[in-house]
Amino acid sequence: MASAPAQSIGFAVIGAGAFGSNHLRVIRELSAASDAPVRLAAIVESDPRRARALHSGFPHTRIFANVDACLAARAAGEIELHAASVCVPTSAHAAVASALLQAGIDVLVEKPIAASLAEADALIELASRHQRILQIGHLERFNPAVLAVHPYIHMPMFFEAHRLSIFTPRSLDVDVILDLMVHDIDIVLSLVQSPVRSLQAVGLPVLSRKVDIANVRIEFASGCVANFTASRVSTERVRKLRFFQPHQYVSIDYARQDLLFIDVKPQPGAPDPGSMLSGLAVSKPSVTPGEPLRLEIESFLESVRARQQSRVTGQEGRAVLALALDINAAIAEHATRAHLDRFV
Ligand SMILES: NC(=O)c1ccc[n+]([C@@H]2O[C@H](COP(=O)([O-])OP(=O)(O)OC[C@H]3O[C@@H](n4cnc5c(N)ncnc54)[C@H](O)[C@@H]3O)[C@@H](O)[C@H]2O)c1
């Protein structure tokens, strides 16, 4: 790995749209500390109206219209830049992140890693060749409820994931699998660690031209089964993951950052219907609240500083993308079989 920056990390946010604004807020909060680990050195935003509006909020930060201009200013010694987060639409992740990696900048790429496996492979190869940190923005890994559940994982065999959002006209360059379901796919893959044996999927476009609602059933080689439901056309917002392992039910609410366990005490002998419920113990392990995005960015900065592998690697991001694309292929195959073209 290349050497660490000597002082605080010079940082750029590329793409200051809906989610990039959150990255900007977190970087600003982190850089306000007396021993700040990071300084906001640049913002890159291609929409001139959005870029103009940024000047008043960030009067001391250089704002560029494209990555090339930002890198030219760095090469000329006008700004000091070590790391960046890539918050442009998914279809532009690969082009933007490649330019940064080639210039020797560590990169946090928003999820999903890229729009295709070829693009994902190219990013992983570039990061390796230039000895750069590449982290993928699967931020639920940093959700305090997910962090708190890890010590209790022993043999999850059945997952039920629900991620429902109210429609907003954003991230429409991708479908609901790449937009929302990837969060749960990443968490389940990180907890199961077993190859996929089979998958079945159904999905429909409702308001956009791409799949807006989908349900997927995956069976892993271990026998574990995961059901995923994701919608961006719901009437309510839900972010839940539930799973069963021997003698235990676990419920994670990502949004409320809480955890509920129901343990079942095994009863010797034949089950007695009268005492079955008395064998249940409900508990709520404590969770230290925190903003997942802030924890994710802090973890990325620590990897940059210590020159250590990121907590969500390019390979892990690629595995999520590969499964997401397989799900999309299964959805397309089902749509043909079921003559769902009338929904398009
Ligand atoms: N981790 C999460 O929970 C989460 C949530 C929302 C979005 N995202 C991800 O964040 C990314 C951005 O999503 P969004 O909703 O903020 O989109 P957005 O359209 O609101 O913002 C993207 C911004 O990037 C700018 N842009 C486009 N191409 C550019 C380029 N080449 N150089 C510089 N600027 C460019 C656009 O003008 C726009 O302002 C997507 O990859 C999305 O999947 C992640």
# chains A, B, ... in the order shown; residues from 1 in each chain; ligands from 1
$ closest_atom_pairs --of "segment 298-333 of chain A" --to "segment 113-124 of chain A" --cutoff "7 Å" --atoms "only C-alpha atoms" --output "Markdown table"
| residue | atom | partner | partner_atom | distance |
| --- | --- | --- | --- | --- |
| A:Gly314 | CA | A:Ile124 | CA | 5.7 |
| A:Gly317 | CA | A:Ile113 | CA | 5.5 |
| A:Arg318 | CA | A:Ala120 | CA | 6.0 |
| A:Ala322 | CA | A:Leu117 | CA | 6.7 |
$ write_last_selection --atoms "all heavy atoms" --output "compact mmCIF listing (two decimals), in the first residue's frame"
# COMPACT_ATOMS: atom_id res chain seq x y z
N GLY A 314 -13.96 -3.78 -2.63
CA GLY A 314 -14.43 -3.83 -4.01
C GLY A 314 -14.96 -5.21 -4.37
O GLY A 314 -15.97 -5.35 -5.04
N GLY A 317 -18.38 -5.58 -2.95
CA GLY A 317 -19.32 -4.79 -3.77
C GLY A 317 -19.61 -5.49 -5.08
O GLY A 317 -20.74 -5.50 -5.57
N ARG A 318 -18.58 -6.14 -5.65
CA ARG A 318 -18.76 -6.88 -6.90
C ARG A 318 -19.70 -8.07 -6.69
O ARG A 318 -20.54 -8.36 -7.53
CB ARG A 318 -17.41 -7.36 -7.42
CG ARG A 318 -17.51 -8.00 -8.78
CD ARG A 318 -16.32 -8.88 -9.11
NE ARG A 318 -16.33 -9.31 -10.49
CZ ARG A 318 -17.01 -10.35 -10.95
NH1 ARG A 318 -17.75 -11.07 -10.13
NH2 ARG A 318 -16.97 -10.68 -12.24
N ALA A 322 -23.02 -8.76 -8.69
CA ALA A 322 -23.21 -9.99 -9.49
C ALA A 322 -24.55 -10.63 -9.14
O ALA A 322 -25.31 -11.03 -10.04
CB ALA A 322 -22.06 -10.97 -9.21
$ select_by_dssp --residues "segment 113-231 of chain A" --states "helix (DSSP H, G or I)" --output "PyMOL selection string"
chain A and resi 117-129+139-142+144-152+176-192
$ select_by_dssp --residues "segment 161-242 of chain A" --states "strand (DSSP E or B)" --output "VMD selection string"
chain A and resid 161 to 166 196 to 204 213 to 220 225 to 234 238 to 242
$ closest_atom_pairs --of "chain A" --to "ligand 1" --cutoff "8 Å" --atoms "only C-alpha atoms and all ligand atoms" --output "Markdown table"
| residue | atom | partner | partner_atom_place_in_ligand_line | distance |
| --- | --- | --- | --- | --- |
| A:Ile14 | CA | ligand 1 | 33 (C) | 5.3 |
| A:Gly15 | CA | ligand 1 | 24 (O) | 3.4 |
| A:Ala16 | CA | ligand 1 | 39 (O) | 4.7 |
| A:Gly17 | CA | ligand 1 | 21 (O) | 3.3 |
| A:Ala18 | CA | ligand 1 | 16 (O) | 3.8 |
| A:Phe19 | CA | ligand 1 | 16 (O) | 3.6 |
| A:Gly20 | CA | ligand 1 | 16 (O) | 5.2 |
| A:Ser21 | CA | ligand 1 | 16 (O) | 7.5 |
| A:Val44 | CA | ligand 1 | 33 (C) | 5.0 |
| A:Glu45 | CA | ligand 1 | 34 (N) | 3.8 |
| A:Ser46 | CA | ligand 1 | 34 (N) | 4.2 |
| A:Asp47 | CA | ligand 1 | 37 (O) | 4.3 |
| A:Arg50 | CA | ligand 1 | 39 (O) | 6.6 |
| A:Ala65 | CA | ligand 1 | 33 (C) | 6.4 |
| A:Asn66 | CA | ligand 1 | 32 (N) | 4.9 |
| A:Val67 | CA | ligand 1 | 32 (N) | 6.1 |
| A:Val86 | CA | ligand 1 | 11 (C) | 7.4 |
| A:Cys87 | CA | ligand 1 | 11 (C) | 4.3 |
| A:Val88 | CA | ligand 1 | 24 (O) | 3.8 |
| A:Pro89 | CA | ligand 1 | 40 (C) | 4.3 |
| A:Thr90 | CA | ligand 1 | 41 (O) | 4.0 |
| A:Ser91 | CA | ligand 1 | 41 (O) | 7.7 |
| A:Ala92 | CA | ligand 1 | 31 (N) | 6.0 |
| A:His93 | CA | ligand 1 | 41 (O) | 6.9 |
| A:Ala95 | CA | ligand 1 | 31 (N) | 7.5 |
| A:Val96 | CA | ligand 1 | 31 (N) | 6.1 |
| A:Val109 | CA | ligand 1 | 41 (O) | 7.7 |
| A:Glu110 | CA | ligand 1 | 41 (O) | 5.0 |
| A:Lys111 | CA | ligand 1 | 43 (O) | 5.1 |
| A:Pro112 | CA | ligand 1 | 43 (O) | 6.0 |
| A:Ile113 | CA | ligand 1 | 41 (O) | 8.0 |
| A:Gly137 | CA | ligand 1 | 1 (N) | 5.5 |
| A:His138 | CA | ligand 1 | 1 (N) | 5.9 |
| A:Leu139 | CA | ligand 1 | 1 (N) | 5.5 |
| A:Glu140 | CA | ligand 1 | 3 (O) | 7.8 |
| A:Arg170 | CA | ligand 1 | 15 (O) | 5.5 |
| A:Ser171 | CA | ligand 1 | 15 (O) | 5.2 |
| A:Leu178 | CA | ligand 1 | 43 (O) | 7.3 |
| A:Asp179 | CA | ligand 1 | 43 (O) | 5.5 |
| A:Leu180 | CA | ligand 1 | 3 (O) | 7.9 |
| A:His183 | CA | ligand 1 | 3 (O) | 7.7 |
| A:Leu293 | CA | ligand 1 | 1 (N) | 7.6 |
$ residues_around --residues "segment 326-343 of chain A" --least-positions-apart "2" --cutoff "12 Å" --atoms "only C-alpha atoms" --output "mmCIF file with all heavy atoms, in the first residue's frame"
data_model
loop_
_atom_site.group_PDB
_atom_site.id
_atom_site.type_symbol
_atom_site.label_atom_id
_atom_site.label_comp_id
_atom_site.auth_asym_id
_atom_site.auth_seq_id
_atom_site.Cartn_x
_atom_site.Cartn_y
_atom_site.Cartn_z
ATOM 1 N N SER A 116 -22.021 -2.467 -14.264
ATOM 2 C CA SER A 116 -21.790 -3.785 -14.872
ATOM 3 C C SER A 116 -20.605 -4.455 -14.173
ATOM 4 O O SER A 116 -19.774 -3.782 -13.532
ATOM 5 C CB SER A 116 -21.479 -3.639 -16.364
ATOM 6 O OG SER A 116 -20.189 -3.091 -16.523
ATOM 7 N N LEU A 117 -20.500 -5.772 -14.335
ATOM 8 C CA LEU A 117 -19.383 -6.503 -13.712
ATOM 9 C C LEU A 117 -18.059 -6.118 -14.362
ATOM 10 O O LEU A 117 -17.024 -6.068 -13.683
ATOM 11 C CB LEU A 117 -19.614 -8.011 -13.819
ATOM 12 C CG LEU A 117 -20.769 -8.547 -12.956
ATOM 13 C CD1 LEU A 117 -20.895 -10.048 -13.115
ATOM 14 C CD2 LEU A 117 -20.573 -8.176 -11.489
ATOM 15 N N VAL A 174 -31.380 3.351 -12.446
ATOM 16 C CA VAL A 174 -31.307 1.927 -12.108
ATOM 17 C C VAL A 174 -32.674 1.454 -11.605
ATOM 18 O O VAL A 174 -33.545 2.259 -11.297
ATOM 19 C CB VAL A 174 -30.231 1.653 -11.017
ATOM 20 C CG1 VAL A 174 -28.833 1.893 -11.546
ATOM 21 C CG2 VAL A 174 -30.484 2.473 -9.760
ATOM 22 N N ASP A 175 -32.839 0.128 -11.518
ATOM 23 C CA ASP A 175 -34.088 -0.442 -11.005
ATOM 24 C C ASP A 175 -34.032 -0.552 -9.481
ATOM 25 O O ASP A 175 -33.003 -0.238 -8.870
ATOM 26 C CB ASP A 175 -34.295 -1.820 -11.649
ATOM 27 C CG ASP A 175 -33.041 -2.652 -11.474
ATOM 28 O OD1 ASP A 175 -32.765 -3.058 -10.329
ATOM 29 O OD2 ASP A 175 -32.294 -2.843 -12.458
ATOM 30 N N VAL A 176 -35.120 -1.076 -8.902
ATOM 31 C CA VAL A 176 -35.199 -1.130 -7.437
ATOM 32 C C VAL A 176 -34.200 -2.128 -6.836
ATOM 33 O O VAL A 176 -33.816 -2.012 -5.669
ATOM 34 C CB VAL A 176 -36.651 -1.443 -6.983
ATOM 35 C CG1 VAL A 176 -37.017 -2.913 -7.262
ATOM 36 C CG2 VAL A 176 -36.858 -1.106 -5.526
ATOM 37 N N ILE A 177 -33.734 -3.076 -7.646
ATOM 38 C CA ILE A 177 -32.744 -4.040 -7.126
ATOM 39 C C ILE A 177 -31.428 -3.293 -6.857
ATOM 40 O O ILE A 177 -30.869 -3.380 -5.768
ATOM 41 C CB ILE A 177 -32.475 -5.181 -8.150
ATOM 42 C CG1 ILE A 177 -33.782 -5.768 -8.690
ATOM 43 C CG2 ILE A 177 -31.554 -6.246 -7.553
ATOM 44 C CD1 ILE A 177 -34.643 -6.438 -7.686
ATOM 45 N N LEU A 178 -30.969 -2.549 -7.874
ATOM 46 C CA LEU A 178 -29.697 -1.823 -7.711
ATOM 47 C C LEU A 178 -29.867 -0.594 -6.820
ATOM 48 O O LEU A 178 -28.910 -0.122 -6.206
ATOM 49 C CB LEU A 178 -29.153 -1.402 -9.080
ATOM 50 C CG LEU A 178 -28.650 -2.544 -9.971
ATOM 51 C CD1 LEU A 178 -28.142 -2.015 -11.299
ATOM 52 C CD2 LEU A 178 -27.549 -3.336 -9.284
ATOM 53 N N MET A 181 -32.579 -2.878 -3.035
ATOM 54 C CA MET A 181 -32.383 -4.245 -2.535
ATOM 55 C C MET A 181 -30.917 -4.562 -2.269
ATOM 56 O O MET A 181 -30.601 -5.406 -1.424
ATOM 57 C CB MET A 181 -32.997 -5.264 -3.506
ATOM 58 C CG MET A 181 -33.204 -6.636 -2.874
ATOM 59 S SD MET A 181 -33.861 -7.851 -4.028
ATOM 60 C CE MET A 181 -35.582 -7.426 -4.096
ATOM 61 N N VAL A 182 -29.998 -3.880 -2.978
ATOM 62 C CA VAL A 182 -28.562 -4.161 -2.777
ATOM 63 C C VAL A 182 -28.136 -4.011 -1.313
ATOM 64 O O VAL A 182 -27.218 -4.690 -0.856
ATOM 65 C CB VAL A 182 -27.657 -3.278 -3.680
ATOM 66 C CG1 VAL A 182 -27.701 -3.751 -5.118
ATOM 67 C CG2 VAL A 182 -27.992 -1.810 -3.562
ATOM 68 N N ILE A 185 -29.104 -7.313 0.234
ATOM 69 C CA ILE A 185 -28.276 -8.379 -0.359
ATOM 70 C C ILE A 185 -26.899 -8.350 0.289
ATOM 71 O O ILE A 185 -26.353 -9.378 0.681
ATOM 72 C CB ILE A 185 -28.162 -8.194 -1.894
ATOM 73 C CG1 ILE A 185 -29.527 -8.385 -2.564
ATOM 74 C CG2 ILE A 185 -27.140 -9.163 -2.474
ATOM 75 C CD1 ILE A 185 -29.531 -8.061 -4.058
ATOM 76 N N VAL A 196 -24.618 -19.036 -3.642
ATOM 77 C CA VAL A 196 -26.044 -19.136 -3.995
ATOM 78 C C VAL A 196 -26.272 -20.443 -4.748
ATOM 79 O O VAL A 196 -25.534 -20.779 -5.667
ATOM 80 C CB VAL A 196 -26.445 -17.932 -4.878
ATOM 81 C CG1 VAL A 196 -27.856 -18.121 -5.448
ATOM 82 C CG2 VAL A 196 -26.366 -16.648 -4.070
ATOM 83 N N SER A 198 -29.747 -21.388 -5.717
ATOM 84 C CA SER A 198 -30.819 -21.120 -6.688
ATOM 85 C C SER A 198 -31.503 -19.812 -6.336
ATOM 86 O O SER A 198 -31.422 -19.346 -5.192
ATOM 87 C CB SER A 198 -31.846 -22.251 -6.663
ATOM 88 O OG SER A 198 -32.474 -22.288 -5.399
ATOM 89 N N LEU A 199 -32.153 -19.231 -7.335
ATOM 90 C CA LEU A 199 -32.930 -18.025 -7.040
ATOM 91 C C LEU A 199 -34.158 -17.939 -7.922
ATOM 92 O O LEU A 199 -34.145 -18.398 -9.067
ATOM 93 C CB LEU A 199 -32.053 -16.769 -7.136
ATOM 94 C CG LEU A 199 -31.723 -16.079 -8.446
ATOM 95 C CD1 LEU A 199 -32.814 -15.113 -8.874
ATOM 96 C CD2 LEU A 199 -30.424 -15.310 -8.274
ATOM 97 N N GLN A 200 -35.217 -17.394 -7.345
ATOM 98 C CA GLN A 200 -36.451 -17.135 -8.091
ATOM 99 C C GLN A 200 -36.803 -15.680 -7.858
ATOM 100 O O GLN A 200 -36.618 -15.172 -6.733
ATOM 101 C CB GLN A 200 -37.593 -17.991 -7.559
ATOM 102 C CG GLN A 200 -37.437 -19.459 -7.873
ATOM 103 C CD GLN A 200 -38.514 -20.255 -7.168
ATOM 104 O OE1 GLN A 200 -38.631 -20.204 -5.956
ATOM 105 N NE2 GLN A 200 -39.298 -20.976 -7.945
ATOM 106 N N ALA A 201 -37.307 -15.010 -8.882
ATOM 107 C CA ALA A 201 -37.581 -13.581 -8.708
ATOM 108 C C ALA A 201 -38.749 -13.131 -9.578
ATOM 109 O O ALA A 201 -38.970 -13.668 -10.663
ATOM 110 C CB ALA A 201 -36.331 -12.778 -9.073
ATOM 111 N N VAL A 202 -39.474 -12.157 -9.051
ATOM 112 C CA VAL A 202 -40.515 -11.495 -9.833
ATOM 113 C C VAL A 202 -40.366 -9.998 -9.597
ATOM 114 O O VAL A 202 -40.026 -9.574 -8.484
ATOM 115 C CB VAL A 202 -41.926 -11.992 -9.429
ATOM 116 C CG1 VAL A 202 -42.198 -11.792 -7.945
ATOM 117 C CG2 VAL A 202 -43.008 -11.290 -10.237
ATOM 118 N N GLY A 203 -40.575 -9.214 -10.639
ATOM 119 C CA GLY A 203 -40.475 -7.759 -10.468
ATOM 120 C C GLY A 203 -41.287 -7.058 -11.532
ATOM 121 O O GLY A 203 -41.484 -7.598 -12.630
ATOM 122 N N LEU A 204 -41.750 -5.866 -11.176
ATOM 123 C CA LEU A 204 -42.600 -5.121 -12.113
ATOM 124 C C LEU A 204 -42.225 -3.647 -12.138
ATOM 125 O O LEU A 204 -41.950 -3.064 -11.079
ATOM 126 C CB LEU A 204 -44.062 -5.173 -11.644
ATOM 127 C CG LEU A 204 -44.769 -6.516 -11.694
ATOM 128 C CD1 LEU A 204 -46.104 -6.400 -11.006
ATOM 129 C CD2 LEU A 204 -44.938 -6.959 -13.136
ATOM 130 N N PRO A 205 -42.260 -3.038 -13.330
ATOM 131 C CA PRO A 205 -42.213 -1.578 -13.360
ATOM 132 C C PRO A 205 -43.605 -1.059 -12.975
ATOM 133 O O PRO A 205 -44.603 -1.664 -13.367
ATOM 134 C CB PRO A 205 -41.895 -1.255 -14.825
ATOM 135 C CG PRO A 205 -42.192 -2.479 -15.598
ATOM 136 C CD PRO A 205 -42.356 -3.635 -14.660
ATOM 137 N N VAL A 206 -43.679 -0.014 -12.189
ATOM 138 C CA VAL A 206 -44.991 0.528 -11.799
ATOM 139 C C VAL A 206 -45.079 1.992 -12.234
ATOM 140 O O VAL A 206 -45.939 2.363 -13.032
ATOM 141 C CB VAL A 206 -45.230 0.409 -10.279
ATOM 142 C CG1 VAL A 206 -46.570 1.015 -9.879
ATOM 143 C CG2 VAL A 206 -45.166 -1.059 -9.848
ATOM 144 N N LEU A 207 -44.148 2.818 -11.739
ATOM 145 C CA LEU A 207 -44.177 4.239 -12.108
ATOM 146 C C LEU A 207 -43.050 4.607 -13.064
ATOM 147 O O LEU A 207 -43.204 5.497 -13.884
ATOM 148 C CB LEU A 207 -44.091 5.113 -10.851
ATOM 149 C CG LEU A 207 -45.330 5.068 -9.948
ATOM 150 C CD1 LEU A 207 -45.115 5.898 -8.694
ATOM 151 C CD2 LEU A 207 -46.568 5.567 -10.687
ATOM 152 N N SER A 208 -41.903 3.934 -12.927
ATOM 153 C CA SER A 208 -40.793 4.254 -13.832
ATOM 154 C C SER A 208 -40.763 3.227 -14.969
ATOM 155 O O SER A 208 -41.625 2.352 -15.040
ATOM 156 C CB SER A 208 -39.464 4.247 -13.067
ATOM 157 O OG SER A 208 -38.993 2.922 -12.904
ATOM 158 N N ARG A 209 -39.751 3.302 -15.822
ATOM 159 C CA ARG A 209 -39.642 2.345 -16.928
ATOM 160 C C ARG A 209 -38.880 1.105 -16.492
ATOM 161 O O ARG A 209 -38.728 0.167 -17.251
ATOM 162 C CB ARG A 209 -38.916 2.999 -18.126
ATOM 163 C CG ARG A 209 -39.545 4.258 -18.645
ATOM 164 C CD ARG A 209 -40.858 4.016 -19.343
ATOM 165 N NE ARG A 209 -40.702 3.266 -20.584
ATOM 166 C CZ ARG A 209 -41.722 2.757 -21.281
ATOM 167 N NH1 ARG A 209 -42.949 2.886 -20.821
ATOM 168 N NH2 ARG A 209 -41.494 2.098 -22.392
ATOM 169 N N LYS A 210 -38.355 1.128 -15.257
ATOM 170 C CA LYS A 210 -37.581 -0.029 -14.768
ATOM 171 C C LYS A 210 -38.344 -0.683 -13.624
ATOM 172 O O LYS A 210 -39.323 -0.119 -13.124
ATOM 173 C CB LYS A 210 -36.205 0.443 -14.300
ATOM 174 C CG LYS A 210 -35.385 1.042 -15.447
ATOM 175 C CD LYS A 210 -33.969 1.324 -15.026
ATOM 176 C CE LYS A 210 -33.251 2.075 -16.112
ATOM 177 N NZ LYS A 210 -32.379 1.290 -16.921
ATOM 178 N N VAL A 211 -37.862 -1.853 -13.201
ATOM 179 C CA VAL A 211 -38.547 -2.580 -12.125
ATOM 180 C C VAL A 211 -38.570 -1.732 -10.849
ATOM 181 O O VAL A 211 -37.524 -1.299 -10.357
ATOM 182 C CB VAL A 211 -37.848 -3.944 -11.878
ATOM 183 C CG1 VAL A 211 -38.356 -4.595 -10.602
ATOM 184 C CG2 VAL A 211 -38.075 -4.859 -13.080
ATOM 185 N N ASP A 212 -39.788 -1.486 -10.332
ATOM 186 C CA ASP A 212 -39.956 -0.643 -9.136
ATOM 187 C C ASP A 212 -40.280 -1.463 -7.896
ATOM 188 O O ASP A 212 -40.174 -0.956 -6.773
ATOM 189 C CB ASP A 212 -41.110 0.350 -9.344
ATOM 190 C CG ASP A 212 -40.793 1.401 -10.391
ATOM 191 O OD1 ASP A 212 -39.678 1.937 -10.371
ATOM 192 O OD2 ASP A 212 -41.678 1.685 -11.231
ATOM 193 N N ILE A 213 -40.761 -2.694 -8.114
ATOM 194 C CA ILE A 213 -41.122 -3.534 -6.963
ATOM 195 C C ILE A 213 -40.707 -4.964 -7.288
ATOM 196 O O ILE A 213 -40.894 -5.416 -8.427
ATOM 197 C CB ILE A 213 -42.637 -3.413 -6.643
ATOM 198 C CG1 ILE A 213 -42.998 -4.259 -5.427
ATOM 199 C CG2 ILE A 213 -43.522 -3.770 -7.828
ATOM 200 C CD1 ILE A 213 -44.354 -3.905 -4.837
ATOM 201 N N ALA A 214 -40.104 -5.639 -6.319
ATOM 202 C CA ALA A 214 -39.598 -6.977 -6.620
ATOM 203 C C ALA A 214 -39.605 -7.852 -5.380
ATOM 204 O O ALA A 214 -39.497 -7.368 -4.251
ATOM 205 C CB ALA A 214 -38.163 -6.884 -7.156
ATOM 206 N N ASN A 215 -39.754 -9.145 -5.632
ATOM 207 C CA ASN A 215 -39.638 -10.130 -4.567
ATOM 208 C C ASN A 215 -38.721 -11.244 -5.062
ATOM 209 O O ASN A 215 -38.845 -11.700 -6.194
ATOM 210 C CB ASN A 215 -41.019 -10.697 -4.218
ATOM 211 C CG ASN A 215 -40.913 -11.787 -3.167
ATOM 212 O OD1 ASN A 215 -40.907 -12.969 -3.480
ATOM 213 N ND2 ASN A 215 -40.786 -11.397 -1.911
ATOM 214 N N VAL A 216 -37.792 -11.646 -4.185
ATOM 215 C CA VAL A 216 -36.762 -12.598 -4.585
ATOM 216 C C VAL A 216 -36.614 -13.664 -3.500
ATOM 217 O O VAL A 216 -36.633 -13.345 -2.310
ATOM 218 C CB VAL A 216 -35.399 -11.869 -4.748
ATOM 219 C CG1 VAL A 216 -34.310 -12.842 -5.159
ATOM 220 C CG2 VAL A 216 -35.512 -10.741 -5.755
ATOM 221 N N ARG A 217 -36.470 -14.901 -3.940
ATOM 222 C CA ARG A 217 -36.179 -15.986 -2.989
ATOM 223 C C ARG A 217 -34.863 -16.621 -3.390
ATOM 224 O O ARG A 217 -34.693 -17.064 -4.528
ATOM 225 C CB ARG A 217 -37.278 -17.049 -3.027
ATOM 226 C CG ARG A 217 -37.050 -18.191 -2.050
ATOM 227 C CD ARG A 217 -38.122 -19.262 -2.241
ATOM 228 N NE ARG A 217 -38.095 -20.243 -1.172
ATOM 229 C CZ ARG A 217 -37.299 -21.305 -1.137
ATOM 230 N NH1 ARG A 217 -36.430 -21.512 -2.115
ATOM 231 N NH2 ARG A 217 -37.350 -22.160 -0.133
ATOM 232 N N ILE A 218 -33.924 -16.625 -2.448
ATOM 233 C CA ILE A 218 -32.599 -17.183 -2.726
ATOM 234 C C ILE A 218 -32.340 -18.342 -1.776
ATOM 235 O O ILE A 218 -32.607 -18.236 -0.574
ATOM 236 C CB ILE A 218 -31.504 -16.107 -2.539
ATOM 237 C CG1 ILE A 218 -31.634 -15.061 -3.653
ATOM 238 C CG2 ILE A 218 -30.104 -16.724 -2.555
ATOM 239 C CD1 ILE A 218 -30.676 -13.919 -3.542
ATOM 240 N N PHE A 228 -36.373 -11.573 -0.153
ATOM 241 C CA PHE A 228 -36.171 -10.120 -0.185
ATOM 242 C C PHE A 228 -37.379 -9.480 -0.858
ATOM 243 O O PHE A 228 -37.777 -9.907 -1.941
ATOM 244 C CB PHE A 228 -34.951 -9.749 -1.037
ATOM 245 C CG PHE A 228 -33.644 -10.317 -0.568
ATOM 246 C CD1 PHE A 228 -33.225 -11.570 -0.980
ATOM 247 C CD2 PHE A 228 -32.815 -9.588 0.270
ATOM 248 C CE1 PHE A 228 -32.003 -12.092 -0.575
ATOM 249 C CE2 PHE A 228 -31.589 -10.102 0.685
ATOM 250 C CZ PHE A 228 -31.182 -11.347 0.265
ATOM 251 N N ALA A 319 -19.533 -8.774 -5.547
ATOM 252 C CA ALA A 319 -20.387 -9.942 -5.268
ATOM 253 C C ALA A 319 -21.858 -9.513 -5.164
ATOM 254 O O ALA A 319 -22.757 -10.201 -5.654
ATOM 255 C CB ALA A 319 -19.935 -10.629 -3.985
ATOM 256 N N VAL A 320 -22.085 -8.363 -4.536
ATOM 257 C CA VAL A 320 -23.463 -7.854 -4.423
ATOM 258 C C VAL A 320 -24.006 -7.533 -5.823
ATOM 259 O O VAL A 320 -25.135 -7.909 -6.169
ATOM 260 C CB VAL A 320 -23.507 -6.589 -3.534
ATOM 261 C CG1 VAL A 320 -24.903 -5.968 -3.546
ATOM 262 C CG2 VAL A 320 -23.085 -6.915 -2.109
ATOM 263 N N LEU A 321 -23.169 -6.868 -6.624
ATOM 264 C CA LEU A 321 -23.612 -6.502 -7.980
ATOM 265 C C LEU A 321 -23.895 -7.763 -8.808
ATOM 266 O O LEU A 321 -24.900 -7.827 -9.531
ATOM 267 C CB LEU A 321 -22.554 -5.630 -8.670
ATOM 268 C CG LEU A 321 -22.900 -5.225 -10.100
ATOM 269 C CD1 LEU A 321 -24.137 -4.321 -10.140
ATOM 270 C CD2 LEU A 321 -21.715 -4.519 -10.776
ATOM 271 N N ALA A 322 -23.024 -8.765 -8.693
ATOM 272 C CA ALA A 322 -23.211 -9.993 -9.486
ATOM 273 C C ALA A 322 -24.554 -10.632 -9.142
ATOM 274 O O ALA A 322 -25.309 -11.030 -10.043
ATOM 275 C CB ALA A 322 -22.062 -10.965 -9.211
ATOM 276 N N LEU A 323 -24.866 -10.697 -7.838
ATOM 277 C CA LEU A 323 -26.136 -11.309 -7.447
ATOM 278 C C LEU A 323 -27.310 -10.432 -7.901
ATOM 279 O O LEU A 323 -28.330 -10.935 -8.382
ATOM 280 C CB LEU A 323 -26.156 -11.544 -5.927
ATOM 281 C CG LEU A 323 -27.363 -12.279 -5.356
ATOM 282 C CD1 LEU A 323 -27.705 -13.538 -6.136
ATOM 283 C CD2 LEU A 323 -27.121 -12.642 -3.885
ATOM 284 N N ALA A 324 -27.149 -9.118 -7.775
ATOM 285 C CA ALA A 324 -28.222 -8.202 -8.206
ATOM 286 C C ALA A 324 -28.501 -8.372 -9.709
ATOM 287 O O ALA A 324 -29.656 -8.386 -10.141
ATOM 288 C CB ALA A 324 -27.833 -6.757 -7.886
#
$ atom_distance --atom1 "atom CA of Arg163 of chain A" --atom2 "atom CA of Ile187 of chain A"
12.6 Å
$ residues_around --residues "segment 125-134 of chain A" --least-positions-apart "3" --cutoff "9 Å" --atoms "only C-alpha atoms" --output "MDAnalysis selection string"
chainID A and resid 1:2 83 98 101:109 120:122 300 303:304 307:310 312:314
$ closest_atom_pairs --of "segment 283-306 of chain A" --to "segment 146-156 of chain A" --cutoff "12 Å" --atoms "only C-alpha atoms" --output "CSV"
residue,atom,partner,partner_atom,distance
A:Lys284,CA,A:Val149,CA,10.9
A:Pro285,CA,A:Ala148,CA,8.1
A:Ser286,CA,A:Ala148,CA,8.0
A:Val287,CA,A:Ala148,CA,6.2
A:Thr288,CA,A:Ala148,CA,8.2
A:Pro289,CA,A:Ala148,CA,10.2
A:Gly290,CA,A:Leu147,CA,10.8
A:Pro292,CA,A:Val146,CA,10.0
A:Leu295,CA,A:Leu147,CA,10.8
A:Glu296,CA,A:Leu147,CA,11.8
$ closest_residue --among "A:Arg74, A:Arg294, A:Arg305, A:Arg239" --to "Leu30 of chain A" --atoms "only C-alpha atoms"
A:Arg294
$ atom_distance --atom1 "atom CA of Pro246 of chain A" --atom2 "atom CA of Asp263 of chain A"
9.1 Å
$ closest_residue --among "A:Gln257, A:Leu301, A:Ser222, A:Gln267" --to "Gly10 of chain A" --atoms "only C-alpha atoms"
A:Leu301
$ residues_around --residues "Ile252 of chain A" --least-positions-apart "4" --cutoff "8 Å" --atoms "only C-alpha atoms" --output "list in words"
Ala145, Val146, Lys240, Leu241, Arg242, Gln257, Asp258, Leu259 and Leu260 of chain A
